[in-house]
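Chemist: This is the content of data_11.csv (CSV, C-alpha atoms (C1' of nucleotides)):
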chain,number,residue,atom,x,y,z
A,103,MET,CA,32.2,31.8,-22.5
A,104,ALA,CA,32.6,29.7,-25.6
A,105,ALA,CA,33.7,26.8,-23.5
A,106,PHE,CA,30.9,27.4,-21.0
A,107,ASP,CA,28.4,27.0,-23.8
A,108,LYS,CA,29.5,23.5,-24.0
A,109,LYS,CA,28.6,22.6,-20.5
A,110,LEU,CA,27.6,19.0,-20.2
A,111,ILE,CA,24.0,18.2,-20.1
A,112,ALA,CA,22.7,14.9,-18.7
A,113,VAL,CA,19.3,13.4,-19.3
A,114,LEU,CA,18.7,10.7,-16.7
A,115,GLY,CA,15.9,8.8,-15.1
A,116,PRO,CA,14.2,5.5,-14.9
A,117,THR,CA,13.7,3.2,-18.0
A,118,ALA,CA,10.8,4.2,-20.3
A,119,SER,CA,10.6,7.7,-18.9
A,120,GLY,CA,11.4,9.3,-22.3
A,121,LYS,CA,15.1,10.0,-22.0
A,122,THR,CA,15.9,9.3,-25.6
A,123,ALA,CA,13.3,11.6,-27.0
A,124,LEU,CA,14.2,14.5,-24.7
A,125,ALA,CA,17.9,14.1,-25.4
A,126,VAL,CA,17.4,14.2,-29.1
A,127,ALA,CA,15.1,17.3,-28.8
A,128,LEU,CA,17.8,19.1,-26.7
A,129,CYS,CA,20.5,18.1,-29.2
A,130,GLU,CA,18.4,19.5,-32.0
A,131,ARG,CA,17.9,22.8,-30.2
A,132,LEU,CA,21.4,23.2,-28.9
A,133,GLY,CA,23.6,21.7,-31.5
A,134,GLY,CA,24.4,18.7,-29.5
A,135,GLU,CA,25.4,15.1,-29.8
A,136,ALA,CA,24.2,12.3,-27.5
A,137,ILE,CA,26.5,10.2,-25.4
A,138,SER,CA,25.0,7.1,-23.9
A,139,CYS,CA,25.3,6.4,-20.2
A,140,ASP,CA,23.9,2.9,-20.3
A,141,SER,CA,25.6,-0.3,-19.2
A,142,MET,CA,23.6,-2.5,-21.7
A,143,GLN,CA,23.1,-0.3,-24.8
A,144,ILE,CA,26.9,-0.2,-25.0
A,145,TYR,CA,26.9,-3.7,-26.2
A,146,GLN,CA,26.6,-4.8,-29.8
A,147,GLY,CA,23.4,-6.4,-30.8
A,148,MET,CA,20.7,-6.7,-28.0
A,149,ASP,CA,19.0,-3.9,-29.8
A,150,ILE,CA,15.4,-4.6,-28.9
A,151,ALA,CA,15.8,-5.7,-25.3
A,152,THR,CA,17.9,-2.7,-24.3
A,153,ALA,CA,15.6,-0.3,-26.2
A,154,LYS,CA,18.4,1.2,-28.2
A,155,PRO,CA,17.2,4.3,-30.1
A,156,THR,CA,16.2,3.5,-33.6
A,157,ALA,CA,17.5,5.6,-36.6
A,158,ASP,CA,14.1,7.1,-36.7
A,159,GLU,CA,14.2,8.2,-33.1
A,160,MET,CA,17.7,9.6,-33.4
A,161,ARG,CA,16.5,12.0,-36.1
A,162,GLY,CA,20.0,12.3,-37.5
A,163,ILE,CA,21.6,13.2,-34.2
A,164,PRO,CA,24.9,11.4,-33.6
A,165,HIS,CA,24.8,8.9,-30.7
A,166,HIS,CA,28.0,7.8,-29.1
A,167,LEU,CA,28.8,4.7,-27.0
A,168,ILE,CA,25.9,2.6,-28.3
A,169,GLY,CA,26.7,-0.9,-29.6
A,170,VAL,CA,30.5,-0.5,-29.3
A,171,ILE,CA,31.4,-3.4,-27.1
A,172,PRO,CA,31.1,-7.1,-28.0
A,173,PRO,CA,28.8,-8.9,-25.6
A,174,ALA,CA,31.5,-11.4,-24.7
A,175,GLU,CA,33.7,-8.7,-23.3
A,176,PRO,CA,33.5,-8.0,-19.6
A,177,PHE,CA,32.9,-4.3,-19.1
A,178,SER,CA,33.1,-2.0,-16.1
A,179,VAL,CA,32.6,1.5,-14.8
A,180,ALA,CA,36.2,2.4,-15.3
A,181,LYS,CA,36.1,1.4,-19.0
A,182,TYR,CA,33.0,3.4,-19.4
A,183,CYS,CA,34.4,6.5,-17.8
A,184,ALA,CA,37.4,6.4,-20.1
A,185,LEU,CA,35.2,6.0,-23.2
A,186,ALA,CA,32.8,8.7,-22.1
A,187,GLN,CA,35.5,11.2,-21.3
A,188,GLU,CA,36.9,10.6,-24.7
A,189,ALA,CA,33.5,11.0,-26.3
A,190,ILE,CA,32.8,14.3,-24.5
A,191,ALA,CA,36.1,15.7,-25.5
A,192,ASP,CA,35.5,14.6,-29.1
A,193,VAL,CA,32.1,16.3,-29.2
A,194,ARG,CA,33.4,19.5,-27.8
A,195,ALA,CA,36.4,19.5,-30.2
A,196,ARG,CA,33.9,19.6,-33.0
A,197,ASP,CA,32.2,22.5,-31.3
A,198,ARG,CA,29.1,20.5,-30.5
A,199,ARG,CA,27.4,20.2,-27.1
A,200,PRO,CA,27.7,16.9,-25.3
A,201,VAL,CA,24.4,15.5,-24.0
A,202,LEU,CA,24.7,12.5,-21.8
A,203,VAL,CA,21.7,10.2,-21.8
A,204,GLY,CA,21.1,7.1,-19.9
A,205,GLY,CA,19.9,5.2,-16.8
A,206,THR,CA,23.0,3.6,-15.4
A,207,GLY,CA,23.5,5.5,-12.1
A,208,GLN,CA,26.8,4.0,-11.2
A,209,TYR,CA,28.3,5.0,-14.6
A,210,TYR,CA,26.9,8.5,-14.3
A,211,THR,CA,28.1,9.2,-10.9
A,212,ALA,CA,31.6,7.9,-11.5
A,213,LEU,CA,31.9,9.9,-14.6
A,214,VAL,CA,30.5,13.2,-13.4
A,215,ASP,CA,32.1,13.1,-10.0
A,216,GLN,CA,35.3,12.2,-11.8
A,217,LEU,CA,36.1,9.4,-9.4
A,218,THR,CA,39.7,8.4,-9.6
A,219,LEU,CA,39.3,4.7,-10.0
A,220,LEU,CA,42.0,2.2,-9.3
A,221,PRO,CA,44.4,1.5,-12.1
A,222,SER,CA,44.4,-2.2,-11.4
A,223,GLU,CA,42.1,-4.7,-13.1
A,224,ALA,CA,40.2,-7.3,-11.1
A,225,ASP,CA,42.2,-10.2,-10.0
A,226,PRO,CA,40.3,-13.3,-11.1
A,227,ALA,CA,42.5,-15.8,-9.3
A,228,TYR,CA,42.3,-14.0,-6.0
A,229,ARG,CA,38.5,-13.7,-6.4
A,230,ALA,CA,38.2,-17.3,-7.1
A,231,TYR,CA,40.2,-18.1,-4.0
A,232,LEU,CA,38.0,-15.9,-1.8
A,233,GLN,CA,34.9,-17.3,-3.4
A,234,GLN,CA,36.0,-20.8,-2.5
A,235,ARG,CA,36.9,-19.8,1.0
A,236,ALA,CA,33.5,-18.1,1.4
A,237,ALA,CA,31.8,-21.4,0.3
A,238,ALA,CA,33.9,-23.4,2.7
A,239,GLU,CA,34.2,-21.2,5.7
A,240,GLY,CA,31.3,-18.8,5.3
A,241,ALA,CA,31.2,-15.1,4.3
A,242,GLN,CA,31.4,-14.1,7.9
A,243,THR,CA,35.0,-15.3,8.1
A,244,LEU,CA,35.9,-13.0,5.2
A,245,LEU,CA,34.0,-10.1,6.7
A,246,ASP,CA,35.9,-10.6,10.0
A,247,GLU,CA,39.1,-10.5,8.1
A,248,LEU,CA,38.0,-7.3,6.4
A,249,ARG,CA,37.3,-5.8,9.8
A,250,GLU,CA,40.9,-6.4,10.7
A,251,ILE,CA,42.3,-4.4,7.7
A,252,ASP,CA,39.4,-1.9,7.1
A,253,PRO,CA,36.9,-1.6,9.9
A,254,GLU,CA,35.3,1.4,8.3
A,255,ALA,CA,34.4,-0.6,5.2
A,256,GLU,CA,33.3,-3.6,7.2
A,257,GLU,CA,30.6,-1.5,8.9
A,258,THR,CA,29.0,-0.6,5.6
A,259,ILE,CA,28.9,-4.1,4.0
A,260,HIS,CA,26.4,-6.7,4.9
A,261,VAL,CA,27.5,-10.3,5.4
A,262,ASN,CA,25.1,-11.4,2.7
A,263,ASN,CA,26.7,-9.1,0.1
A,264,LEU,CA,29.6,-11.4,-0.7
A,265,GLY,CA,30.5,-9.6,-3.9
A,266,ARG,CA,31.3,-6.4,-2.0
A,267,ILE,CA,33.2,-8.2,0.7
A,268,ILE,CA,35.4,-9.8,-1.9
A,269,ARG,CA,35.9,-6.6,-3.8
A,270,ALA,CA,37.0,-4.8,-0.6
A,271,LEU,CA,39.5,-7.5,0.2
A,272,GLU,CA,40.7,-7.5,-3.4
A,273,ILE,CA,41.4,-3.8,-3.3
A,274,TYR,CA,43.6,-4.3,-0.4
A,275,HIS,CA,45.3,-7.3,-1.9
A,276,THR,CA,46.1,-5.7,-5.2
A,277,THR,CA,46.9,-2.2,-4.1
A,278,GLY,CA,47.9,-2.3,-0.5
A,279,LEU,CA,45.3,0.4,0.2
A,280,THR,CA,42.1,-0.2,2.0
A,281,LYS,CA,38.8,0.4,0.3
A,282,SER,CA,38.0,3.3,2.6
A,283,GLU,CA,41.4,4.9,1.9
A,284,GLN,CA,40.9,4.4,-1.8
A,285,ASN,CA,37.5,6.0,-1.6
A,286,ARG,CA,38.8,9.0,0.1
A,287,ARG,CA,41.6,9.5,-2.5
A,288,SER,CA,39.1,9.0,-5.3
A,289,HIS,CA,37.8,12.5,-4.9
A,290,ALA,CA,41.0,14.2,-6.0
A,291,ALA,CA,39.4,15.8,-9.1
A,292,PRO,CA,36.5,18.2,-8.9
A,293,PRO,CA,33.1,17.1,-10.2
A,294,LEU,CA,32.3,17.8,-13.8
A,295,PRO,CA,30.1,20.9,-14.3
A,296,VAL,CA,26.8,19.5,-15.5
A,297,THR,CA,23.2,20.4,-15.9
A,298,ALA,CA,21.5,17.3,-14.8
A,299,LEU,CA,17.9,16.6,-15.7
A,300,CYS,CA,16.1,13.6,-14.2
A,301,LEU,CA,12.8,12.5,-15.7
A,302,ASP,CA,10.3,11.0,-13.3
A,303,ALA,CA,6.5,10.6,-13.0
A,304,ARG,CA,4.5,12.1,-10.1
A,305,ASP,CA,2.0,9.3,-10.5
A,306,ARG,CA,4.0,6.1,-10.6
A,307,ALA,CA,1.2,4.3,-12.4
A,308,VAL,CA,2.0,6.5,-15.4
A,309,LEU,CA,5.6,5.2,-15.6
A,310,TYR,CA,4.6,1.6,-15.0
A,311,ASP,CA,2.1,1.8,-17.7
A,312,ARG,CA,4.7,3.1,-20.1
A,313,ILE,CA,6.9,0.2,-19.1
A,314,ASP,CA,4.1,-2.3,-19.9
A,315,ARG,CA,3.5,-0.8,-23.2
A,316,ARG,CA,7.2,-0.7,-24.1
A,317,VAL,CA,7.6,-4.4,-23.3
A,318,ASP,CA,4.6,-5.1,-25.5
A,319,ALA,CA,6.2,-3.1,-28.3
A,320,MET,CA,9.5,-5.0,-27.8
A,321,LEU,CA,7.6,-8.3,-28.3
A,322,GLU,CA,6.1,-6.9,-31.5
A,323,ALA,CA,9.5,-5.8,-32.7
A,324,GLY,CA,10.8,-9.3,-32.4
A,325,LEU,CA,12.1,-9.6,-28.8
A,326,LEU,CA,11.5,-13.4,-28.8
A,327,GLU,CA,13.8,-14.1,-31.7
A,328,GLU,CA,16.5,-11.8,-30.3
A,329,ALA,CA,16.3,-13.5,-26.9
A,330,ARG,CA,16.3,-17.0,-28.4
A,331,ALA,CA,19.5,-16.2,-30.3
A,332,PHE,CA,21.1,-14.4,-27.3
A,333,LEU,CA,20.5,-17.2,-24.9
A,334,LEU,CA,22.4,-19.6,-27.1
A,335,ARG,CA,25.6,-17.8,-26.6
A,336,PRO,CA,27.4,-18.9,-23.4
A,337,ASP,CA,30.1,-16.2,-23.5
A,338,ALA,CA,28.2,-13.0,-22.6
A,339,ALA,CA,29.5,-12.0,-19.2
A,340,THR,CA,28.0,-8.7,-18.1
A,341,ALA,CA,25.6,-8.6,-21.0
A,342,ALA,CA,23.8,-11.6,-19.7
A,343,GLN,CA,22.4,-9.6,-16.9
A,344,ALA,CA,20.3,-7.5,-19.2
A,345,ILE,CA,16.6,-7.6,-18.5
A,346,GLY,CA,14.8,-9.1,-21.4
A,347,TYR,CA,16.5,-12.4,-22.1
A,348,LYS,CA,16.8,-14.3,-18.8
A,349,GLU,CA,13.1,-13.7,-18.0
A,350,LEU,CA,12.1,-15.4,-21.3
A,351,SER,CA,14.4,-18.4,-20.7
A,352,PRO,CA,11.7,-20.5,-18.9
A,353,TYR,CA,9.4,-20.1,-21.9
A,354,PHE,CA,12.0,-21.4,-24.3
A,355,SER,CA,12.7,-24.4,-22.1
A,356,GLY,CA,9.1,-25.1,-21.7
A,357,GLU,CA,9.0,-24.5,-17.9
A,358,ALA,CA,6.6,-21.6,-18.0
A,359,PRO,CA,4.0,-20.2,-20.4
A,360,LEU,CA,4.8,-17.1,-22.4
A,361,GLU,CA,2.3,-14.9,-20.6
A,362,VAL,CA,3.9,-15.7,-17.2
A,363,CYS,CA,7.4,-14.8,-18.5
A,364,ILE,CA,6.1,-11.6,-20.0
A,365,ASP,CA,4.5,-10.6,-16.7
A,366,ARG,CA,7.8,-11.4,-15.0
A,367,LEU,CA,9.7,-9.3,-17.5
A,368,LYS,CA,7.5,-6.3,-17.0
A,369,GLN,CA,7.7,-6.8,-13.2
A,370,GLN,CA,11.5,-6.9,-13.3
A,371,THR,CA,11.6,-3.8,-15.4
A,372,ARG,CA,9.4,-2.0,-12.9
A,373,ARG,CA,11.7,-2.9,-10.1
A,374,TYR,CA,14.7,-1.8,-12.1
A,375,ALA,CA,13.0,1.6,-12.7
A,376,LYS,CA,12.4,1.9,-9.0
A,377,ARG,CA,16.1,1.4,-8.2
A,378,GLN,CA,17.0,3.9,-10.9
A,379,ARG,CA,14.8,6.6,-9.2
A,380,THR,CA,16.4,5.9,-5.9
A,381,TRP,CA,19.9,6.4,-7.3
A,382,PHE,CA,19.2,9.6,-9.3
A,383,LEU,CA,16.8,11.4,-7.0
A,384,ARG,CA,19.1,11.4,-4.1
A,385,ASP,CA,21.6,13.5,-6.0
A,386,GLU,CA,20.9,17.1,-4.9
A,387,ARG,CA,22.2,18.5,-8.2
A,388,MET,CA,19.4,16.9,-10.0
A,389,HIS,CA,16.6,18.9,-11.7
A,390,VAL,CA,13.5,16.8,-11.7
A,391,LEU,CA,11.1,17.0,-14.7
A,392,TYR,CA,7.8,15.2,-14.1
A,393,ILE,CA,6.6,13.8,-17.4
A,394,ASP,CA,3.0,13.9,-16.3
A,395,ASP,CA,3.2,17.6,-15.8
A,396,TYR,CA,3.5,18.2,-19.6
A,397,GLY,CA,1.0,17.7,-22.3
A,398,ASP,CA,3.5,16.7,-25.0
A,399,ALA,CA,7.1,16.2,-25.9
A,400,GLN,CA,7.3,19.8,-27.0
A,401,ALA,CA,6.2,21.2,-23.7
A,402,LEU,CA,8.6,18.9,-21.9
A,403,ALA,CA,11.5,20.0,-24.1
A,404,ASP,CA,10.6,23.6,-23.5
A,405,ALA,CA,10.8,23.1,-19.7
A,406,ALA,CA,14.1,21.3,-20.1
A,407,MET,CA,15.4,24.2,-22.2
A,408,GLU,CA,14.4,26.6,-19.5
A,409,ILE,CA,16.3,24.7,-16.9
A,410,VAL,CA,19.4,24.5,-19.1
A,411,ALA,CA,19.2,28.3,-19.7
A,412,ALA,CA,18.7,29.1,-16.1
A,413,ASP,CA,21.5,26.9,-15.1
A,414,SER,CA,23.8,28.7,-17.5
A,415,ALA,CA,22.7,32.1,-16.3
A,416,ALA,CA,23.2,31.3,-12.7
A,417,GLN,CA,26.7,30.2,-13.3
A,418,PRO,CA,29.3,33.0,-13.7
A,419,GLU,CA,31.8,32.2,-16.4
A,420,GLY,CA,35.3,31.0,-15.7
A,421,ASN,CA,34.8,29.0,-12.5
A,422,THR,CA,33.6,25.8,-14.0
A,423,GLU,CA,35.0,24.4,-17.2
A,424,ASN,CA,37.7,21.8,-17.0
A,425,GLY,CA,38.8,22.0,-20.6
B,204,G,C1',-31.2,-32.2,-2.7
B,205,G,C1',-27.3,-35.5,0.1
B,206,U,C1',-22.4,-36.5,1.9
B,207,G,C1',-17.3,-35.2,2.4
B,208,C,C1',-13.2,-31.8,2.3
B,209,C,C1',-11.7,-26.8,2.6
B,210,A,C1',-11.7,-21.2,4.1
B,211,U,C1',-5.0,-17.6,7.3
B,212,A,C1',-2.0,-10.7,3.8
B,213,G,C1',-2.6,-8.9,-3.3
B,214,C,C1',-0.9,-14.4,-4.3
B,215,C,C1',1.2,-19.3,-2.5
B,216,A,C1',1.4,-21.1,2.4
B,217,A,C1',3.0,-23.2,7.8
B,218,G,C1',0.5,-23.4,12.1
B,219,U,C1',-4.6,-28.9,16.0
B,220,G,C1',-5.4,-24.7,22.8
B,221,G,C1',-0.5,-20.4,25.0
B,222,U,C1',-0.8,-15.0,22.0
B,223,A,C1',0.1,-15.4,13.5
B,224,A,C1',6.6,-19.3,10.2
B,225,G,C1',8.3,-18.7,5.3
B,226,G,C1',8.2,-17.5,0.1
B,227,C,C1',6.4,-14.2,-3.9
B,228,A,C1',4.5,-9.5,-4.9
B,229,G,C1',4.6,-4.3,-2.8
B,230,A,C1',7.2,0.0,-0.3
B,231,A,C1',11.6,2.4,1.4
B,232,G,C1',16.8,2.2,0.8
B,233,U,C1',22.3,0.9,0.0
B,234,C,C1',25.8,1.4,-3.9
B,235,U,C1',33.6,3.8,-5.9
B,236,G,C1',35.7,-1.9,-11.4
B,237,C,C1',29.9,-7.8,-13.3
B,238,A,C1',25.3,-2.3,-11.5
B,239,A,C1',19.4,-4.0,-16.4
B,240,A,C1',23.7,-6.8,-10.9
B,241,A,C1',24.1,-7.6,-5.8
B,242,C,C1',22.4,-6.5,-1.0
B,243,U,C1',19.4,-4.4,3.4
B,244,U,C1',15.0,-2.9,6.1
B,245,C,C1',9.6,-2.7,6.4
B,246,U,C1',4.9,-4.9,5.4
B,247,A,C1',-2.0,-9.4,9.0
B,248,U,C1',-3.7,-5.9,16.6
B,249,G,C1',-5.5,-10.6,13.3
B,250,C,C1',-6.8,-16.2,10.6
B,251,C,C1',-14.8,-16.0,6.1
B,252,C,C1',-19.2,-14.5,9.6
B,253,C,C1',-22.1,-15.3,14.3
B,254,A,C1',-22.7,-17.7,18.9
B,255,G,C1',-20.6,-21.0,22.5
B,256,U,C1',-16.7,-23.8,25.6
B,257,U,C1',-12.0,-22.1,28.1
B,258,C,C1',-7.8,-18.4,32.3
B,259,A,C1',-6.5,-18.6,27.0
B,260,A,C1',-9.3,-20.2,20.4
B,261,A,C1',-6.6,-19.5,13.7
B,262,U,C1',-6.8,-24.1,16.4
B,263,C,C1',-12.5,-27.2,20.1
B,264,U,C1',-18.3,-27.1,19.5
B,265,G,C1',-22.9,-25.4,17.0
B,266,G,C1',-25.0,-22.5,13.2
B,267,G,C1',-24.4,-19.5,8.8
B,268,U,C1',-21.9,-18.1,4.1
B,269,G,C1',-18.6,-19.3,0.1
B,270,G,C1',-15.6,-22.8,-2.8
B,271,C,C1',-14.2,-27.8,-4.4
B,272,A,C1',-15.2,-33.0,-5.0
B,273,C,C1',-18.3,-37.1,-5.2
B,274,C,C1',-23.3,-39.1,-5.0
B,275,U,C1',-28.7,-38.7,-6.4
Would you mind writing the file out in structure tokens?
Modeler:
Amino acid sequence: MAAFDKKLIAVLGPTASGKTALAVALCERLGGEAISCDSMQIYQGMDIATAKPTADEMRGIPHHLIGVIPPAEPFSVAKYCALAQEAIADVRARDRRPVLVGGTGQYYTALVDQLTLLPSEADPAYRAYLQQRAAAEGAQTLLDELREIDPEAEETIHVNNLGRIIRALEIYHTTGLTKSEQNRRSHAAPPLPVTALCLDARDRAVLYDRIDRRVDAMLEAGLLEEARAFLLRPDAATAAQAIGYKELSPYFSGEAPLEVCIDRLKQQTRRYAKRQRTWFLRDERMHVLYIDDYGDAQALADAAMEIVAADSAAQPEGNTENG
RNA sequence: GGUGCCAUAGCCAAGUGGUAAGGCAGAAGUCUGCAAAACUUCUAUGCCCCAGUUCAAAUCUGGGUGGCACCU
């Protein structure tokens, strides 16, 4: 029962839906600590663009996995899962409740479903070789080769998605296992017990309006300066994909007026939010909380608490915890 | 007031007699090591309006409306 009280809670949802505030509220009420599930907040710096929670917003609640990786370092799901598992265990060891917060669906799913990921790192040389062949012979040739070794995977990958084709071939090349076989084996461990909350808006305009206002706030907070500095560094691999810098680049180079870049930034953020919804909402374990159903943060947190309590009550002790 | 040019989706835009390209935006999705990424699918019964010519009109003719340019 004591272990069960430490059941993982996850606060998920599209960007600007209010995840940080809700997670902090839950931590305050339940004696929890926040563990970020965000592929960009994990990097050092980039504070404004990735909307990292400020000290003010954290209200004294410890937050893990924010700003812990240098932007120059290539990062991946597997690395995230390792860090997150460690953080969860650490929080529990101190008798606190782990509250996962973030919007990176791939990281969330891999962590919670406890996917057994491959031990091997990416093989840059082999990737470069395939990349070069794709350029010379066309992606279709590679896809045809994939069909020979893994027809199952070939069916699910589109020719235009070269990255996936290469990864599937790489898996076979480095492990001798097909991607399909590897995927089957990845479900060896049972999913982590979790109370998953997904924030969303019934009226999409509500969410999009919050996104617009957040971008405006970022600009006021000094996004331009942060972006200008970030764009000067050529070494950021994964981090360079963050929304917030590349959209401003045409402004710095004089190719487009600032207003155009800002509109573009807002637009890209809206599209990102849409993809996040698609990812989270298809998960049947998700409890959806519509932010436009509640008058204030207090009411929203109350509703979330009810779900957490109900989820605990519905679950008999002893059949869930993994540690 | 006159003359000329133009009018195709929310935006840009191709199409000069044979049954509406493409891009952007939007929507719906995919996702097992770059995921704030990458990728897929869908999206004009109709081309400013009216009349006419024709088997057939976004395409040709006349008129109207609106915009732009130049002239007075």
Chemist: Atom CA of Ala344 of chain A and atom CA of Arg330 of chain A are how many Å apart?
Modeler: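 Taking atom CA of Ala344 of chain A and atom CA of Arg330 of chain A, their separation equals 13.8 Å.
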Chemist: Would you mind listing what lies within 8 Å of segment 144-151 of chain A as number ranges by chain, with all atoms listed in the file counted and same-chain residues fewer than 6 positions away left out?
Modeler: A: 138, 167-173, 320, 323-325, 328-329, 332, 341, 344-347
Chemist: Using only C-alpha atoms (C1' of nucleotides), find which residues of chain B lie within 9 Å of chain A and jot them down as a VMD selection string.
Modeler: chain B and resid 232 to 243
Chemist: Expressed in Å to a single decimal, how great is the separation between atom CA of Val126 of chain A and atom CA of His166 of chain A?
Modeler: 12.4 Å
Chemist: Skipping near chain neighbours, those fewer than 5 positions away, what residues fall within 9 Å of U211 of chain B using only C-alpha atoms (C1' of nucleotides), listed as a PDB file with C-alpha atoms (C1' of nucleotides), in the frame of the given file?
Modeler:
ATOM      1  C1'   A B 216       1.400 -21.100   2.400  1.00  0.00           C
ATOM      2  C1'   A B 223       0.100 -15.400  13.500  1.00  0.00           C
ATOM      3  C1'   A B 247      -2.000  -9.400   9.000  1.00  0.00           C
ATOM      4  C1'   C B 250      -6.800 -16.200  10.600  1.00  0.00           C
ATOM      5  C1'   A B 261      -6.600 -19.500  13.700  1.00  0.00           C
TER       6        A B 261
END
Chemist: Find the residue from A:Cys129, A:Ile163, A:Ile273, A:Val214 that sits nearest to Ala406 of chain A; use all atoms listed in the file when measuring.
Modeler: A:Cys129
Chemist: Using all atoms listed in the file, determine which residues lie at most 12 Å from A260 of chain B, disregarding the query and same-chain residues fewer than 4 positions distant; provide the list as a PDB file with C-alpha atoms (C1' of nucleotides), keeping the file's coordinate frame.
Modeler:
ATOM      1  C1'   U B 219      -4.600 -28.900  16.000  1.00  0.00           C
ATOM      2  C1'   G B 220      -5.400 -24.700  22.800  1.00  0.00           C
ATOM      3  C1'   G B 221      -0.500 -20.400  25.000  1.00  0.00           C
ATOM      4  C1'   U B 222      -0.800 -15.000  22.000  1.00  0.00           C
ATOM      5  C1'   C B 250      -6.800 -16.200  10.600  1.00  0.00           C
ATOM      6  C1'   G B 255     -20.600 -21.000  22.500  1.00  0.00           C
ATOM      7  C1'   U B 256     -16.700 -23.800  25.600  1.00  0.00           C
ATOM      8  C1'   U B 264     -18.300 -27.100  19.500  1.00  0.00           C
TER       9        U B 264
END
Chemist: Work out how far atom CA of Glu159 of chain A is from atom CA of Leu402 of chain A, in Å to one decimal.
Modeler: 16.5 Å
Chemist: Counting all atoms listed in the file, figure out which residue out of B:C215, B:C208, B:A231, B:C258 gets nearest to Arg379 of chain A.
Modeler: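 Ranking B:C215, B:C208, B:A231, B:C258 by distance to Arg379 of chain A, first place goes to B:A231.
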Chemist: Choose the residue, out of A:His389, A:Lys108, A:Leu128, A:Ala189, that has the smallest atom-to-atom separation from Leu299 of chain A; count all atoms listed in the file.
Modeler: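 Residue with the minimum atom-to-atom distance to Leu299 of chain A: A:His389.
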Chemist: Identify, on the basis of only C-alpha atoms (C1' of nucleotides), every residue whose closest approach to segment 226-229 of chain B does not exceed 12 Å; exclude the query and any residue fewer than 5 positions from it along the same chain; express the result as an MDAnalysis selection string.
Modeler: (chainID A and resid 365:366 369:370 372:373 376) or (chainID B and resid 212:217 245:246)
Chemist: Give the answer as one residue: which of A:Leu213, A:Leu334, A:Leu350, A:Met160 has the shortest atom-to-atom distance to Ala184 of chain A, using all atoms listed in the file?
Modeler: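 Among the listed residues, the smallest separation from Ala184 of chain A belongs to A:Leu213.
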Chemist: What residues have an atom no more than 8 Å from (-14.8, -22.1, 2.8) in the file's own frame, counting all atoms listed in the file, and can you write them as a list in words?
Modeler: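 Returned residue set, sorted by chain then number, is C209, A210, C251, G269 and G270 of chain B.
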Chemist: Using all atoms listed in the file, which of B:G218, B:U248, B:A224, B:G204 sits nearest C274 of chain B?
Modeler: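 Going through B:G218, B:U248, B:A224, B:G204 one by one, the smallest distance to C274 of chain B is for B:G204.
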Chemist: Got a sec: who's within 12 Å of Ile251 of chain A, counting only C-alpha atoms (C1' of nucleotides), leaving out chain neighbours fewer than 3 positions off, as an mmCIF file with C-alpha atoms, keeping the file's coordinate frame?
Modeler:
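Result saved to result18.cif:
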data_model
loop_
_atom_site.group_PDB
_atom_site.id
_atom_site.type_symbol
_atom_site.label_atom_id
_atom_site.label_comp_id
_atom_site.auth_asym_id
_atom_site.auth_seq_id
_atom_site.Cartn_x
_atom_site.Cartn_y
_atom_site.Cartn_z
ATOM 1 C CA LEU A 244 35.900 -13.000 5.200
ATOM 2 C CA LEU A 245 34.000 -10.100 6.700
ATOM 3 C CA ASP A 246 35.900 -10.600 10.000
ATOM 4 C CA GLU A 247 39.100 -10.500 8.100
ATOM 5 C CA LEU A 248 38.000 -7.300 6.400
ATOM 6 C CA GLU A 254 35.300 1.400 8.300
ATOM 7 C CA ALA A 255 34.400 -0.600 5.200
ATOM 8 C CA GLU A 256 33.300 -3.600 7.200
ATOM 9 C CA ALA A 270 37.000 -4.800 -0.600
ATOM 10 C CA LEU A 271 39.500 -7.500 0.200
ATOM 11 C CA GLU A 272 40.700 -7.500 -3.400
ATOM 12 C CA ILE A 273 41.400 -3.800 -3.300
ATOM 13 C CA TYR A 274 43.600 -4.300 -0.400
ATOM 14 C CA HIS A 275 45.300 -7.300 -1.900
ATOM 15 C CA GLY A 278 47.900 -2.300 -0.500
ATOM 16 C CA LEU A 279 45.300 0.400 0.200
ATOM 17 C CA THR A 280 42.100 -0.200 2.000
ATOM 18 C CA LYS A 281 38.800 0.400 0.300
ATOM 19 C CA SER A 282 38.000 3.300 2.600
ATOM 20 C CA GLU A 283 41.400 4.900 1.900
#
Chemist: Considering only C-alpha atoms, state which residue in the set A:Lys154, A:Arg316, A:Arg229, A:Arg304 is at the smallest distance from Tyr392 of chain A.
Modeler: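 Of A:Lys154, A:Arg316, A:Arg229, A:Arg304, the one nearest Tyr392 of chain A, counting only C-alpha atoms, is A:Arg304.
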